[in-house]
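Below is target10.cif, which holds mmCIF, C-alpha atoms and all ligand atoms.
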```cif
data_coords
loop_
_atom_site.label_atom_id
_atom_site.label_comp_id
_atom_site.auth_asym_id
_atom_site.auth_seq_id
_atom_site.Cartn_x
_atom_site.Cartn_y
_atom_site.Cartn_z
CA MET A 13 5.12 14.29 -15.90
CA ILE A 14 5.33 10.88 -14.25
CA THR A 15 3.37 8.42 -16.38
CA ALA A 16 1.85 5.06 -15.53
CA ASN A 17 4.52 3.21 -17.48
CA GLN A 18 7.17 4.55 -15.09
CA ILE A 19 5.37 3.16 -12.03
CA THR A 20 5.17 -0.30 -10.48
CA GLY A 21 2.26 -0.86 -8.09
CA LEU A 22 2.95 -2.77 -4.88
CA ILE A 23 -0.04 -4.24 -3.08
CA LEU A 24 0.68 -5.01 0.55
CA ALA A 25 -1.05 -8.17 1.66
CA GLY A 26 1.63 -9.39 4.03
CA GLY A 27 0.11 -8.57 7.40
CA ARG A 28 -1.19 -10.87 10.11
CA ALA A 29 -4.78 -9.54 9.99
CA GLN A 30 -5.20 -10.21 13.68
CA ARG A 31 -8.27 -8.00 13.97
CA MET A 32 -9.84 -10.14 11.25
CA GLY A 33 -9.12 -13.31 13.24
CA GLY A 34 -5.76 -14.02 11.58
CA ILE A 35 -7.21 -15.13 8.24
CA ASP A 36 -5.64 -13.96 5.01
CA LYS A 37 -7.25 -10.56 4.58
CA GLY A 38 -6.59 -10.10 0.87
CA LEU A 39 -8.62 -13.21 0.10
CA ILE A 40 -11.77 -12.56 2.13
CA PRO A 41 -14.82 -11.86 -0.03
CA PHE A 42 -15.78 -8.24 -0.65
CA HIS A 43 -18.91 -8.00 -2.81
CA GLY A 44 -18.32 -11.68 -3.57
CA LYS A 45 -14.73 -11.40 -4.80
CA PRO A 46 -11.40 -11.56 -2.95
CA LEU A 47 -10.70 -8.18 -1.38
CA ILE A 48 -7.38 -7.79 -3.19
CA GLU A 49 -9.14 -7.82 -6.58
CA ALA A 50 -10.68 -4.43 -5.87
CA ALA A 51 -7.24 -2.98 -5.11
CA ILE A 52 -5.77 -4.58 -8.24
CA ASN A 53 -8.56 -3.18 -10.40
CA ARG A 54 -8.16 0.34 -9.03
CA LEU A 55 -4.38 0.31 -9.26
CA LYS A 56 -4.00 -1.36 -12.66
CA PRO A 57 -4.76 1.69 -14.85
CA GLN A 58 -2.39 3.82 -12.78
CA VAL A 59 0.73 1.67 -13.15
CA SER A 60 2.66 -0.39 -15.70
CA THR A 61 2.77 -3.55 -13.64
CA ILE A 62 1.93 -4.87 -10.20
CA LEU A 63 3.78 -6.76 -7.48
CA ILE A 64 1.87 -8.51 -4.73
CA ASN A 65 3.56 -8.69 -1.34
CA ALA A 66 2.22 -11.60 0.68
CA ASN A 67 3.54 -13.98 3.29
CA ARG A 68 0.85 -16.69 2.99
CA SER A 69 -1.38 -18.20 0.28
CA ILE A 70 1.30 -17.58 -2.32
CA THR A 71 -0.28 -19.93 -4.87
CA LYS A 72 -3.67 -18.21 -4.60
CA TYR A 73 -2.16 -14.75 -5.00
CA SER A 74 -0.11 -15.99 -7.99
CA HIS A 75 -3.34 -16.63 -9.90
CA TYR A 76 -3.59 -12.90 -10.64
CA GLY A 77 -0.58 -13.25 -12.96
CA TYR A 78 1.69 -10.85 -11.08
CA PRO A 79 4.87 -11.74 -9.17
CA VAL A 80 4.22 -12.48 -5.51
CA VAL A 81 7.06 -11.41 -3.25
CA MET A 82 7.45 -12.39 0.40
CA ASP A 83 9.05 -10.39 3.21
CA GLU A 84 12.70 -11.28 3.68
CA THR A 85 12.22 -11.47 7.43
CA PRO A 86 9.72 -14.04 8.72
CA ASP A 87 8.59 -12.01 11.73
CA PHE A 88 5.79 -9.84 10.31
CA SER A 89 7.80 -6.70 10.97
CA GLY A 90 5.29 -4.37 9.35
CA PRO A 91 4.64 -2.68 6.02
CA LEU A 92 8.21 -1.41 5.61
CA ALA A 93 9.30 -5.05 5.20
CA GLY A 94 6.93 -5.12 2.23
CA PHE A 95 8.27 -1.80 0.89
CA SER A 96 11.79 -3.23 1.10
CA VAL A 97 11.10 -6.35 -0.93
CA GLY A 98 8.96 -4.32 -3.35
CA LEU A 99 11.83 -1.90 -3.99
CA LYS A 100 14.15 -4.85 -4.61
CA HIS A 101 11.88 -6.22 -7.34
CA CYS A 102 10.85 -2.88 -8.84
CA LYS A 103 12.18 -2.34 -12.36
CA THR A 104 10.60 1.07 -12.99
CA PRO A 105 11.77 4.46 -11.64
CA TYR A 106 8.82 4.75 -9.23
CA LEU A 107 6.98 2.45 -6.82
CA LEU A 108 3.38 3.10 -5.76
CA THR A 109 2.25 1.25 -2.64
CA SER A 110 -1.24 0.43 -1.48
CA PRO A 111 -2.63 -1.95 1.15
CA CYS A 112 -4.85 -4.82 0.07
CA ASP A 113 -7.62 -3.77 2.45
CA SER A 114 -8.65 -0.41 0.95
CA PRO A 115 -10.89 -1.43 -1.95
CA LEU A 116 -12.02 2.14 -2.77
CA LEU A 117 -8.53 3.59 -3.14
CA PRO A 118 -8.34 6.80 -5.23
CA THR A 119 -8.30 6.37 -8.98
CA ASP A 120 -6.08 9.49 -9.19
CA LEU A 121 -3.58 8.35 -6.55
CA ALA A 122 -0.60 8.11 -8.92
CA GLU A 123 -1.50 11.25 -10.85
CA LYS A 124 -1.78 13.53 -7.81
CA MET A 125 1.14 12.10 -5.89
CA GLY A 126 3.28 12.06 -9.04
CA ALA A 127 2.63 15.75 -9.63
CA ALA A 128 3.61 16.55 -6.03
CA LEU A 129 6.73 14.41 -6.18
CA GLU A 130 7.95 15.97 -9.39
CA GLY A 131 6.79 19.52 -8.68
CA ASN A 132 8.56 19.66 -5.31
CA ASP A 133 11.53 17.47 -6.19
CA LEU A 134 10.64 14.97 -3.46
CA GLU A 135 11.83 11.41 -2.97
CA LEU A 136 8.59 10.13 -1.50
CA VAL A 137 5.01 11.33 -1.28
CA PHE A 138 2.42 9.76 1.01
CA ALA A 139 -1.31 10.28 0.98
CA SER A 140 -3.43 12.00 3.61
CA SER A 141 -7.20 12.05 3.86
CA GLN A 142 -9.47 14.81 4.98
CA GLU A 143 -12.54 14.04 7.04
CA ASP A 144 -15.78 15.91 6.47
CA GLY A 145 -15.02 17.96 9.60
CA GLY A 146 -11.69 18.98 8.06
CA LYS A 147 -9.37 16.82 10.18
CA ILE A 148 -6.43 15.45 8.22
CA TRP A 149 -5.10 11.91 8.74
CA SER A 150 -1.93 10.60 7.21
CA GLN A 151 -2.28 7.40 5.20
CA PRO A 152 1.36 6.31 5.14
CA VAL A 153 0.93 2.95 3.41
CA PHE A 154 -0.21 4.82 0.29
CA CYS A 155 3.09 6.08 -1.07
CA LEU A 156 4.71 7.03 -4.32
CA MET A 157 8.48 6.82 -4.04
CA ARG A 158 11.56 6.84 -6.20
CA SER A 159 12.73 3.28 -6.59
CA ASN A 160 16.32 4.23 -5.73
CA LEU A 161 15.34 4.47 -2.04
CA GLN A 162 16.13 0.83 -1.37
CA GLU A 163 19.47 1.58 0.25
CA SER A 164 18.02 4.27 2.49
CA LEU A 165 15.29 1.89 3.63
CA ASP A 166 17.68 -0.98 4.26
CA VAL A 167 19.95 1.26 6.36
CA PHE A 168 16.90 2.45 8.31
CA LEU A 169 15.64 -1.12 8.90
CA SER A 170 19.09 -2.36 9.86
CA LYS A 171 18.99 0.06 12.78
CA GLY A 172 16.01 -1.90 14.08
CA ASP A 173 13.50 0.85 13.39
CA LEU A 174 10.21 -0.18 11.80
CA LYS A 175 8.18 3.01 12.12
CA ILE A 176 7.05 4.10 8.70
CA ASP A 177 6.72 7.81 9.42
CA ARG A 178 10.17 7.91 11.00
CA TRP A 179 11.66 6.68 7.73
CA PHE A 180 9.76 9.43 5.90
CA THR A 181 11.42 12.11 8.06
CA GLU A 182 14.83 10.92 6.80
CA LEU A 183 13.78 11.65 3.22
CA ARG A 184 12.68 14.60 1.16
CA SER A 185 9.04 13.66 1.68
CA GLY A 186 5.69 15.33 1.51
CA THR A 187 2.01 14.54 1.46
CA VAL A 188 -0.98 15.05 -0.79
CA VAL A 189 -4.36 15.54 0.86
CA PHE A 190 -7.24 13.70 -0.81
CA GLU A 191 -10.69 14.97 -0.03
CA SER A 192 -12.63 11.74 -0.12
CA PRO A 193 -12.17 9.95 3.22
CA LEU A 194 -14.11 6.94 1.93
CA ALA A 195 -11.37 6.28 -0.61
CA PHE A 196 -9.07 5.31 2.23
CA ALA A 197 -11.59 3.31 4.22
CA ASN A 198 -9.87 0.09 5.17
CA VAL A 199 -11.18 -3.21 6.31
CA ASN A 200 -9.64 -4.30 9.58
CA THR A 201 -12.53 -6.13 11.25
CA PRO A 202 -15.53 -8.17 10.06
CA GLU A 203 -17.77 -5.24 11.10
CA GLU A 204 -15.79 -2.82 8.92
CA LEU A 205 -16.10 -5.22 6.01
CA THR A 206 -19.89 -5.34 6.32
CA ALA A 207 -20.13 -1.55 6.75
CA LEU A 208 -17.95 -0.84 3.71
CA GLU A 209 -19.92 -3.26 1.55
CA LYS A 210 -23.10 -1.36 2.50
CA VAL A 211 -21.76 2.07 1.54
CA SER A 212 -20.17 0.90 -1.70
CA GLN A 213 -23.08 -0.94 -3.32
N1 LIG A 301 4.73 -7.09 4.13
C1 LIG A 301 4.11 -6.83 5.25
N2 LIG A 301 3.01 -6.09 5.23
C2 LIG A 301 2.39 -5.85 6.40
C3 LIG A 301 2.88 -6.36 7.63
N3 LIG A 301 2.05 -5.94 8.61
C4 LIG A 301 1.08 -5.21 8.02
N4 LIG A 301 1.29 -5.16 6.69
C5 LIG A 301 0.45 -4.51 5.68
O1 LIG A 301 0.25 -3.17 6.04
C6 LIG A 301 -1.05 -2.75 5.70
C7 LIG A 301 -1.74 -2.13 6.89
O2 LIG A 301 -1.76 -3.06 7.97
P1 LIG A 301 -3.06 -3.46 8.78
O3 LIG A 301 -4.28 -2.91 8.19
O4 LIG A 301 -2.79 -3.19 10.21
O5 LIG A 301 -3.10 -5.03 8.47
P2 LIG A 301 -2.65 -6.21 9.34
O6 LIG A 301 -1.36 -5.94 10.05
O7 LIG A 301 -2.70 -7.38 8.44
O8 LIG A 301 -3.86 -6.32 10.39
P3 LIG A 301 -3.85 -6.38 11.98
O9 LIG A 301 -3.02 -7.58 12.36
O10 LIG A 301 -5.30 -6.56 12.33
O11 LIG A 301 -3.27 -5.07 12.44
C8 LIG A 301 -1.79 -4.00 5.19
O12 LIG A 301 -1.80 -3.92 3.79
C9 LIG A 301 -0.93 -5.15 5.65
O13 LIG A 301 -0.95 -6.24 4.75
C10 LIG A 301 4.08 -7.15 7.60
O14 LIG A 301 4.59 -7.62 8.61
N5 LIG A 301 4.65 -7.34 6.39
MG MG A 302 -5.69 -1.82 7.66
#
```

Transcribe the structure of this file into structure tokens.
Ligand SMILES: Nc1nc2c(ncn2[C@@H]2O[C@H](COP(=O)(O)OP(=O)(O)OP(=O)(O)O)[C@@H](O)[C@H]2O)c(=O)[nH]1
Ligand SMILES: [Mg+2]
Amino acid sequence: MITANQITGLILAGGRAQRMGGIDKGLIPFHGKPLIEAAINRLKPQVSTILINANRSITKYSHYGYPVVMDETPDFSGPLAGFSVGLKHCKTPYLLTSPCDSPLLPTDLAEKMGAALEGNDLELVFASSQEDGGKIWSQPVFCLMRSNLQESLDVFLSKGDLKIDRWFTELRSGTVVFESPLAFANVNTPEELTALEKVSQ
């Protein structure tokens, strides 16, 4: 069984947030507190420690008491740049990733993905969500991976590829379907922020 003390949580807050007007998304208020706090609070019981991946507002993110790590490339090359630096700083056998803009993320994320990873001898498990109508969507920025994947990721990125699901196909990877679509609701626009605050009173 993979336990919380074997897992480091990586919160991805390194994006441009263009649909939010380019402001720092992790710091916008959600129910009166910076959005990233909700992700930290949901992730904390599932992991031994947390890393925050950000490319701006480093001092503000440091106030949470966790290391803040920046992408090694300054060009906002996507979430895999965050995975890469997260793997480099990860000192536990597993890394669990989550974006900073999904404040209702599953409280059993690590447990379910850990069981799938171990049970099927996988290297990486990503989440999928199921809509009420049954349609399944992959949620590739929610991943549990073995922390020895750093070399594989660096080789993949050095080829100039940035597509997250293409890296997954190079690995022994699988997915876990979570039934609550709301758990993966993410805040990309001011309208989505308002709507999510309403349904999560
Ligand atoms: N480290 C890092 N993370 C990124 C980068 N781009 C996106 N992400 C993260 O990936 C997750 C999903 O990305 P989006 O929801 O599209 O966020 P975003 O890129 O900031 O927003 P848009 O610019 O509106 O697409 C978020 O947690 C982002 O912080 C990047 O260049 N570097
Ligand atoms: Mg998003």

Judged by only C-alpha atoms and all ligand atoms, the minimum distance to ligand MG 302 (chain A) among A:Pro111, A:Gly77, A:Gly94, A:Pro46 is found for A:Pro111

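Closest approach to Asn53 (chain A) among A:Ser185, A:Thr119, A:Asn132, A:Asn198: A:Thr119, based on only C-alpha atoms.
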
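In terms of minimum interatomic distance to Gly38 (chain A), A:Leu205 ranks closest within A:Pro105, A:Gln142, A:Gly131, A:Leu205, counting only C-alpha atoms.
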
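Using only C-alpha atoms and all ligand atoms as the basis for the distance check, residues found within 9 Å of ligand MG 302 (chain A) are A:Gly27, A:Ala29, A:Pro111, A:Cys112, A:Asp113, A:Ser114, A:Ala197, A:Asn198, A:Val199, A:Asn200, A:Thr201.
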
Given a cut-off of 10 Å, what residues near ligand LIG 301 (chain A) show up using only C-alpha atoms and all ligand atoms, put as a PyMOL selection string? chain A and resi 22-38+48+64-67+81-98+109-114+151-154+174+198-201

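Proximity ranking of A:Ser150, A:Ser69, A:Asn17, A:Ser74 relative to Lys56 (chain A) places A:Asn17 first, based on only C-alpha atoms.
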
For Ala207 (chain A), the nearest of the candidates A:Met125, A:Ile70, A:Phe42, A:Arg54, counting only C-alpha atoms: A:Phe42

Which protein, DNA or RNA residues have an atom at most 7 Å from (12.7, 9.7, 1.4), counting all atoms listed in the file? List them as a PyMOL selection string. chain A and resi 135-136+161+180+182-185

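Among the candidates A:Val188, A:Glu143, A:Ile14, A:Ala50, the residue lying nearest to Leu116 (chain A) is A:Ala50 (atoms considered: all atoms listed in the file).
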
Contacts of Val189 (chain A) at 9 Å or less, counting only C-alpha atoms, minus same-chain residues fewer than 4 places along, as a list in words? Phe138, Ala139, Ser140, Ser141, Gln142, Ile148, Trp149 and Ser150 of chain A

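CA of Asn160 (chain A) lies 8.3 Å from CA of Tyr106 (chain A).
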
Centre and edge lengths of an axis-aligned box around all listed atoms of region 110-123 of chain A, with 5 Å added on each side, are to be given in Å to one decimal, as lines of an AutoDock Vina configuration file.
```
center_x = -6.3
center_y = 3.2
center_z = -4.2
size_x = 21.4
size_y = 26.1
size_z = 23.3
```
